[in-house]
file my_file36.cif (mmCIF, C-alpha atoms)
data_start
#
loop_
_atom_site.group_PDB
_atom_site.id
_atom_site.type_symbol
_atom_site.label_atom_id
_atom_site.label_comp_id
_atom_site.auth_asym_id
_atom_site.auth_seq_id
_atom_site.Cartn_x
_atom_site.Cartn_y
_atom_site.Cartn_z
ATOM 1 C CA ASP A 1 0.000 0.000 0.000
ATOM 2 C CA VAL A 2 1.225 3.434 -0.927
ATOM 3 C CA LYS A 3 2.451 5.470 1.988
ATOM 4 C CA VAL A 4 3.603 9.046 2.376
ATOM 5 C CA THR A 5 4.498 10.184 5.870
ATOM 6 C CA GLN A 6 5.210 13.634 7.233
ATOM 7 C CA SER A 7 7.299 14.253 10.304
ATOM 8 C CA SER A 8 4.754 16.253 12.288
ATOM 9 C CA ARG A 9 0.978 16.685 12.225
ATOM 10 C CA TYR A 10 1.100 19.952 14.161
ATOM 11 C CA LEU A 11 3.917 22.429 14.562
ATOM 12 C CA VAL A 12 4.107 25.805 16.294
ATOM 13 C CA LYS A 13 7.051 28.086 15.584
ATOM 14 C CA ARG A 14 7.984 31.689 16.212
ATOM 15 C CA THR A 15 8.583 34.358 13.610
ATOM 16 C CA GLY A 16 12.141 34.227 12.312
ATOM 17 C CA GLU A 17 12.764 30.599 13.205
ATOM 18 C CA LYS A 18 14.113 28.162 10.652
ATOM 19 C CA VAL A 19 11.601 25.383 10.082
ATOM 20 C CA PHE A 20 12.112 21.956 8.555
ATOM 21 C CA LEU A 21 9.222 19.847 7.308
ATOM 22 C CA GLU A 22 10.107 16.307 6.389
ATOM 23 C CA CYS A 23 8.371 13.949 4.011
ATOM 24 C CA VAL A 24 9.133 10.310 3.316
ATOM 25 C CA GLN A 25 7.566 7.991 0.758
ATOM 26 C CA ASP A 26 8.024 4.251 0.552
ATOM 27 C CA MET A 27 6.849 3.639 -3.024
ATOM 28 C CA ASP A 28 10.163 4.336 -4.793
ATOM 29 C CA HIS A 29 8.482 7.255 -6.563
ATOM 30 C CA GLU A 30 10.572 9.554 -8.688
ATOM 31 C CA ASN A 31 8.505 12.703 -8.221
ATOM 32 C CA MET A 32 7.822 14.483 -4.968
ATOM 33 C CA PHE A 33 5.871 17.671 -4.277
ATOM 34 C CA TRP A 34 5.217 20.214 -1.558
ATOM 35 C CA TYR A 35 1.934 22.128 -1.445
ATOM 36 C CA ARG A 36 0.302 24.482 0.943
ATOM 37 C CA GLN A 37 -3.430 24.307 1.483
ATOM 38 C CA ASP A 38 -5.370 27.377 2.561
ATOM 39 C CA PRO A 39 -9.148 27.813 2.867
ATOM 40 C CA GLY A 40 -10.647 29.132 -0.342
ATOM 41 C CA LEU A 41 -7.357 28.835 -2.213
ATOM 42 C CA GLY A 42 -7.105 25.095 -2.669
ATOM 43 C CA LEU A 43 -3.675 23.526 -3.041
ATOM 44 C CA ARG A 44 -0.813 25.627 -4.315
ATOM 45 C CA LEU A 45 2.458 24.084 -5.429
ATOM 46 C CA ILE A 46 5.550 25.344 -3.647
ATOM 47 C CA TYR A 47 8.333 23.124 -5.019
ATOM 48 C CA PHE A 48 8.689 19.761 -6.661
ATOM 49 C CA SER A 49 11.466 17.356 -7.496
ATOM 50 C CA TYR A 50 11.897 14.865 -10.327
ATOM 51 C CA ASP A 51 14.897 13.114 -8.908
ATOM 52 C CA VAL A 52 17.492 13.184 -6.192
ATOM 53 C CA LYS A 53 19.205 16.562 -5.917
ATOM 54 C CA MET A 54 16.841 18.032 -8.492
ATOM 55 C CA LYS A 55 14.249 20.667 -7.676
ATOM 56 C CA GLU A 56 11.884 22.918 -9.553
ATOM 57 C CA LYS A 57 9.985 25.959 -8.371
ATOM 58 C CA GLY A 58 6.258 25.713 -8.226
ATOM 59 C CA ASP A 59 3.772 28.561 -8.186
ATOM 60 C CA ILE A 60 4.652 30.072 -4.790
ATOM 61 C CA PRO A 61 8.314 29.307 -3.951
ATOM 62 C CA GLU A 62 9.100 32.618 -2.246
ATOM 63 C CA GLY A 63 10.235 32.152 1.335
ATOM 64 C CA TYR A 64 10.792 28.419 0.913
ATOM 65 C CA SER A 65 13.561 26.085 -0.145
ATOM 66 C CA VAL A 66 13.758 22.308 -0.494
ATOM 67 C CA SER A 67 16.230 19.487 -0.249
ATOM 68 C CA ARG A 68 16.202 16.035 -1.769
ATOM 69 C CA GLU A 69 19.301 14.119 -0.820
ATOM 70 C CA LYS A 70 17.664 10.691 -1.025
ATOM 71 C CA LYS A 71 14.979 9.431 -3.356
ATOM 72 C CA GLU A 72 12.489 8.702 -0.595
ATOM 73 C CA ARG A 73 12.888 11.953 1.335
ATOM 74 C CA PHE A 74 11.879 15.498 0.409
ATOM 75 C CA SER A 75 12.313 18.322 2.881
ATOM 76 C CA LEU A 76 10.698 21.737 2.883
ATOM 77 C CA ILE A 77 12.605 24.516 4.597
ATOM 78 C CA LEU A 78 11.326 27.845 5.782
ATOM 79 C CA GLU A 79 14.523 29.868 6.204
ATOM 80 C CA SER A 80 12.888 32.517 8.384
ATOM 81 C CA ALA A 81 9.304 31.719 9.246
ATOM 82 C CA SER A 82 6.717 34.470 8.966
ATOM 83 C CA THR A 83 3.104 34.628 10.102
ATOM 84 C CA ASN A 84 1.836 34.483 6.522
ATOM 85 C CA GLN A 85 3.354 31.014 6.261
ATOM 86 C CA THR A 86 0.855 29.684 8.770
ATOM 87 C CA SER A 87 -0.864 26.987 6.752
ATOM 88 C CA MET A 88 -1.404 23.287 6.143
ATOM 89 C CA TYR A 89 1.527 21.784 4.257
ATOM 90 C CA LEU A 90 0.986 18.692 2.151
ATOM 91 C CA CYS A 91 3.592 16.435 0.661
ATOM 92 C CA ALA A 92 2.858 14.166 -2.294
ATOM 93 C CA SER A 93 4.668 11.740 -4.531
ATOM 94 C CA SER A 94 4.046 10.199 -7.930
ATOM 95 C CA SER A 95 5.568 7.595 -10.182
ATOM 96 C CA LEU A 96 6.806 7.795 -13.749
ATOM 97 C CA HIS A 97 5.616 4.258 -14.423
ATOM 98 C CA ALA A 98 3.087 3.862 -17.217
ATOM 99 C CA GLY A 99 -0.450 3.508 -16.015
ATOM 100 C CA ASP A 100 0.056 5.487 -12.853
ATOM 101 C CA THR A 101 1.826 8.531 -14.146
ATOM 102 C CA ASP A 102 0.528 11.777 -12.710
ATOM 103 C CA THR A 103 -1.465 10.176 -9.911
ATOM 104 C CA GLN A 104 -0.205 11.835 -6.777
ATOM 105 C CA TYR A 105 -0.328 10.216 -3.350
ATOM 106 C CA PHE A 106 -0.554 12.530 -0.390
ATOM 107 C CA GLY A 107 0.706 12.537 3.151
ATOM 108 C CA PRO A 108 -1.482 13.486 6.142
ATOM 109 C CA GLY A 109 -0.282 17.081 6.196
ATOM 110 C CA THR A 110 1.511 19.290 8.707
ATOM 111 C CA ARG A 111 -0.438 22.153 10.204
ATOM 112 C CA LEU A 112 2.120 24.869 10.858
ATOM 113 C CA THR A 113 1.351 27.881 13.004
ATOM 114 C CA VAL A 114 3.831 30.737 13.062
ATOM 115 C CA LEU A 115 3.382 33.112 16.003
ATOM 116 C CA ALA B 116 -1.809 29.764 -17.890
ATOM 117 C CA GLN B 117 -3.659 26.602 -17.020
ATOM 118 C CA SER B 118 -6.387 26.971 -14.446
ATOM 119 C CA VAL B 119 -9.116 24.931 -12.830
ATOM 120 C CA SER B 120 -12.437 26.359 -11.675
ATOM 121 C CA GLN B 121 -14.751 24.839 -9.133
ATOM 122 C CA HIS B 122 -17.769 27.089 -9.007
ATOM 123 C CA ASN B 123 -19.493 25.429 -6.075
ATOM 124 C CA HIS B 124 -17.603 26.475 -2.971
ATOM 125 C CA HIS B 125 -19.984 25.041 -0.409
ATOM 126 C CA VAL B 126 -22.766 22.546 -1.040
ATOM 127 C CA ILE B 127 -25.278 21.385 1.543
ATOM 128 C CA LEU B 128 -27.432 18.344 0.863
ATOM 129 C CA SER B 129 -29.672 15.922 2.672
ATOM 130 C CA GLU B 130 -28.930 12.228 2.568
ATOM 131 C CA ALA B 131 -30.187 10.481 -0.581
ATOM 132 C CA ALA B 132 -30.044 13.701 -2.618
ATOM 133 C CA SER B 133 -28.168 13.643 -5.895
ATOM 134 C CA LEU B 134 -24.851 15.420 -6.211
ATOM 135 C CA GLU B 135 -23.109 17.169 -9.047
ATOM 136 C CA LEU B 136 -19.966 19.225 -8.476
ATOM 137 C CA GLY B 137 -18.712 21.339 -11.334
ATOM 138 C CA CYS B 138 -15.148 21.452 -12.602
ATOM 139 C CA ASN B 139 -13.924 23.404 -15.609
ATOM 140 C CA TYR B 140 -10.376 23.776 -16.820
ATOM 141 C CA SER B 141 -8.610 26.005 -19.277
ATOM 142 C CA TYR B 142 -6.273 24.117 -21.601
ATOM 143 C CA GLY B 143 -6.856 23.179 -25.205
ATOM 144 C CA GLY B 144 -4.680 20.110 -25.492
ATOM 145 C CA THR B 145 -4.606 16.639 -24.007
ATOM 146 C CA VAL B 146 -5.324 16.538 -20.306
ATOM 147 C CA ASN B 147 -5.420 14.073 -17.454
ATOM 148 C CA LEU B 148 -8.179 14.805 -14.964
ATOM 149 C CA PHE B 149 -8.588 13.916 -11.315
ATOM 150 C CA TRP B 150 -10.958 14.256 -8.424
ATOM 151 C CA TYR B 151 -9.493 14.041 -4.943
ATOM 152 C CA VAL B 152 -11.397 13.935 -1.677
ATOM 153 C CA GLN B 153 -10.366 15.003 1.807
ATOM 154 C CA TYR B 154 -12.522 13.642 4.617
ATOM 155 C CA PRO B 155 -12.431 15.543 7.909
ATOM 156 C CA GLY B 156 -9.099 14.950 9.630
ATOM 157 C CA GLN B 157 -7.822 12.689 6.884
ATOM 158 C CA HIS B 158 -5.335 13.042 4.091
ATOM 159 C CA LEU B 159 -6.184 13.830 0.501
ATOM 160 C CA GLN B 160 -6.988 10.697 -1.466
ATOM 161 C CA LEU B 161 -7.786 9.895 -5.059
ATOM 162 C CA LEU B 162 -11.480 9.477 -5.874
ATOM 163 C CA LEU B 163 -11.191 8.870 -9.607
ATOM 164 C CA LYS B 164 -9.153 9.832 -12.640
ATOM 165 C CA TYR B 165 -9.459 10.115 -16.408
ATOM 166 C CA PHE B 166 -6.519 9.588 -18.729
ATOM 167 C CA SER B 167 -8.151 8.360 -21.948
ATOM 168 C CA GLY B 168 -10.918 6.129 -23.313
ATOM 169 C CA ASP B 169 -14.468 6.125 -21.988
ATOM 170 C CA PRO B 170 -15.242 9.691 -20.888
ATOM 171 C CA LEU B 171 -17.496 8.389 -18.120
ATOM 172 C CA VAL B 172 -15.228 7.356 -15.286
ATOM 173 C CA LYS B 173 -16.311 5.437 -12.221
ATOM 174 C CA GLY B 174 -14.487 5.830 -8.959
ATOM 175 C CA ILE B 175 -14.694 4.652 -5.400
ATOM 176 C CA LYS B 176 -17.781 4.902 -3.154
ATOM 177 C CA GLY B 177 -20.254 5.225 -6.043
ATOM 178 C CA PHE B 178 -18.809 8.412 -7.509
ATOM 179 C CA GLU B 179 -18.475 9.008 -11.221
ATOM 180 C CA ALA B 180 -17.313 11.838 -13.431
ATOM 181 C CA GLU B 181 -17.857 12.688 -17.056
ATOM 182 C CA PHE B 182 -15.217 14.293 -19.241
ATOM 183 C CA ILE B 183 -16.837 16.584 -21.814
ATOM 184 C CA LYS B 184 -14.029 17.845 -23.993
ATOM 185 C CA SER B 185 -16.121 20.422 -25.832
ATOM 186 C CA LYS B 186 -17.088 22.035 -22.548
ATOM 187 C CA PHE B 187 -13.673 21.646 -20.881
ATOM 188 C CA SER B 188 -15.513 20.059 -17.987
ATOM 189 C CA PHE B 189 -15.096 17.108 -15.649
ATOM 190 C CA ASN B 190 -18.081 17.190 -13.313
ATOM 191 C CA LEU B 191 -18.343 14.825 -10.385
ATOM 192 C CA ARG B 192 -21.623 13.043 -9.705
ATOM 193 C CA LYS B 193 -23.214 10.700 -7.239
ATOM 194 C CA PRO B 194 -26.874 9.677 -7.498
ATOM 195 C CA SER B 195 -27.497 9.393 -3.756
ATOM 196 C CA VAL B 196 -25.182 10.923 -1.165
ATOM 197 C CA GLN B 197 -24.594 9.649 2.344
ATOM 198 C CA TRP B 198 -23.636 11.443 5.523
ATOM 199 C CA SER B 199 -20.190 9.842 5.182
ATOM 200 C CA ASP B 200 -19.629 11.768 1.937
ATOM 201 C CA THR B 201 -19.185 14.942 3.950
ATOM 202 C CA ALA B 202 -15.752 16.129 2.834
ATOM 203 C CA GLU B 203 -13.899 18.607 0.690
ATOM 204 C CA TYR B 204 -13.572 17.711 -2.976
ATOM 205 C CA PHE B 205 -10.815 18.929 -5.266
ATOM 206 C CA CYS B 206 -10.659 18.762 -9.021
ATOM 207 C CA ALA B 207 -7.180 18.682 -10.580
ATOM 208 C CA VAL B 208 -5.786 18.778 -14.089
ATOM 209 C CA ASN B 209 -2.494 17.748 -15.584
ATOM 210 C CA ALA B 210 -1.664 19.043 -19.044
ATOM 211 C CA ASN B 211 1.526 17.498 -20.407
ATOM 212 C CA THR B 212 3.579 18.305 -17.358
ATOM 213 C CA ASP B 213 4.351 16.488 -14.140
ATOM 214 C CA LYS B 214 2.397 19.065 -12.153
ATOM 215 C CA LEU B 215 -1.207 19.033 -11.084
ATOM 216 C CA ILE B 216 -3.244 22.215 -11.102
ATOM 217 C CA PHE B 217 -5.884 22.092 -8.387
ATOM 218 C CA GLY B 218 -9.168 23.882 -8.106
ATOM 219 C CA THR B 219 -10.042 25.761 -4.934
ATOM 220 C CA GLY B 220 -12.174 22.918 -3.630
ATOM 221 C CA THR B 221 -15.832 22.338 -2.828
ATOM 222 C CA ARG B 222 -16.927 21.702 0.703
ATOM 223 C CA LEU B 223 -19.802 19.217 0.829
ATOM 224 C CA GLN B 224 -21.942 18.845 3.903
ATOM 225 C CA VAL B 225 -24.510 16.059 4.000
ATOM 226 C CA PHE B 226 -27.131 16.078 6.718
ATOM 227 C CA PRO B 227 -28.965 12.938 7.837
#
call {"tool": "encode", "arguments": {"input": "my_file36.cif", "output": "structure tokens"}}
result
Amino acid sequence: DVKVTQSSRYLVKRTGEKVFLECVQDMDHENMFWYRQDPGLGLRLIYFSYDVKMKEKGDIPEGYSVSREKKERFSLILESASTNQTSMYLCASSSLHAGDTDTQYFGPGTRLTVL
Amino acid sequence: AQSVSQHNHHVILSEAASLELGCNYSYGGTVNLFWYVQYPGQHLQLLLKYFSGDPLVKGIKGFEAEFIKSKFSFNLRKPSVQWSDTAEYFCAVNANTDKLIFGTGTRLQVFP
């Protein structure tokens, strides 16, 4: 069964702190994604990665960076957290294999509050 | 730029009522289409998807969606909803990239 896990369900940080959100998938998927989910705005793509050490900016990358040192792990980094980064963060992964391409599998989400 | 519109932001139904949630996208080429569902407190999960073939797609829990290319639509339907269908529903489109474009979501509340 496909599984995407995220390091924390809830996180509270202070303005200016450096924040790490971790995501791990066990399906040997090539692609991994970070989204934020806000009421009325749906899911917005922050960054994604096609392969180890590769990353691409999504629609709202400002204030974020990512790291993918291993295929199964994709980290989202908030260099200096701000209150407008309070949100639900979702990680997803997908395979390049025919028949399942583009289907993304999601983790449970991390609800981050920045005070 | 590609976009996805979900015009129904909040839908309230009684059990056994029929459901149709609208989804329209803006892209003229080949698309892959998805509906995801997020039950309260749970993670986003795939409800159904269309890649090619029969434009009427059946998914889990009695849901179906119809791809109408001429209308750029992929509406989600269920003939008789249950209280357990209370959730937020997201339409998503992929157009020749590895990225999904999501709509803003529709919150469905079903009352017994």
call {"tool": "residues_around", "arguments": {"input": "my_file36.cif", "residues": "segment 32-39 of chain A", "least_positions_apart": "5", "cutoff": "8 Å", "atoms": "only C-alpha atoms", "output": "number ranges by chain"}}
result
A: 44-50, 74, 76, 87-94
call {"tool": "interface_residues", "arguments": {"input": "my_file36.cif", "of": "chain B", "to": "chain A", "cutoff": "7 Å", "atoms": "only C-alpha atoms", "output": "number ranges by chain"}}
result
B: 157-160, 213, 217-220
call {"tool": "write_last_selection", "arguments": {"input": "my_file36.cif", "atoms": "C-alpha atoms", "output": "compact mmCIF listing (two decimals), in the coordinates of the input"}}
result
# COMPACT_ATOMS: atom_id res chain seq x y z
CA GLN B 157 -7.82 12.69 6.88
CA HIS B 158 -5.34 13.04 4.09
CA LEU B 159 -6.18 13.83 0.50
CA GLN B 160 -6.99 10.70 -1.47
CA ASP B 213 4.35 16.49 -14.14
CA PHE B 217 -5.88 22.09 -8.39
CA GLY B 218 -9.17 23.88 -8.11
CA THR B 219 -10.04 25.76 -4.93
CA GLY B 220 -12.17 22.92 -3.63
call {"tool": "resolve_selection", "arguments": {"input": "my_file36.cif", "expression": "the PyMOL selection byres ((chain B and resi 224) around 12)", "output": "PyMOL selection string"}}
result
chain B and resi 124-130+132+134+154-155+196-204+221-223+225-227
call {"tool": "resolve_selection", "arguments": {"input": "my_file36.cif", "expression": "the PyMOL selection byres ((chain A and resi 22-24) around 7)", "output": "list in words"}}
result
Val4, Thr5, Gln6, Ser7, Phe20, Leu21, Gln25, Asp26, Glu72, Arg73, Phe74, Ser75, Leu76 and Cys91 of chain A
call {"tool": "resolve_selection", "arguments": {"input": "my_file36.cif", "expression": "the PyMOL selection byres ((chain B and resi 117) around 8)", "output": "ChimeraX atom specification"}}
result
/B:116,118-119,140-142,216
call {"tool": "residues_around", "arguments": {"input": "my_file36.cif", "residues": "Gly177 of chain B", "least_positions_apart": "2", "cutoff": "9 Å", "atoms": "all atoms listed in the file", "output": "list of chain:residue names"}}
result
B:Lys173, B:Gly174, B:Ile175, B:Glu179, B:Arg192, B:Lys193, B:Pro194, B:Ser195, B:Val196
call {"tool": "closest_residue", "arguments": {"input": "my_file36.cif", "among": "B:Lys176, B:Lys164, B:Ala131, B:Phe189", "to": "Tyr151 of chain B", "atoms": "all atoms listed in the file"}}
result
B:Lys164
call {"tool": "residues_around", "arguments": {"input": "my_file36.cif", "residues": "Leu78 of chain A", "least_positions_apart": "6", "cutoff": "7 Å", "atoms": "all atoms listed in the file", "output": "PyMOL selection string"}}
result
chain A and resi 18-20+63-65
call {"tool": "atom_distance", "arguments": {"input": "my_file36.cif", "atom1": "atom CA of Leu162 of chain B", "atom2": "atom CA of Phe178 of chain B"}}
result
7.6 Å
call {"tool": "atom_distance", "arguments": {"input": "my_file36.cif", "atom1": "atom CA of Gly156 of chain B", "atom2": "atom CA of Leu11 of chain A"}}
result
15.8 Å
call {"tool": "axis_aligned_box", "arguments": {"input": "my_file36.cif", "around": "segment 84-94 of chain A", "padding_each_side": "6 Å", "output": "JSON"}}
result
{"center_x": 1.6, "center_y": 22.3, "center_z": 0.4, "size_x": 18.1, "size_y": 36.3, "size_z": 28.7}
call {"tool": "atom_distance", "arguments": {"input": "my_file36.cif", "atom1": "atom CA of Asn123 of chain B", "atom2": "atom CA of Leu191 of chain B"}}
result
11.5 Å
call {"tool": "closest_residue", "arguments": {"input": "my_file36.cif", "among": "B:Asn147, B:Asn139, B:Ser188, B:Gln153", "to": "Asn209 of chain B", "atoms": "only C-alpha atoms"}}
result
B:Asn147
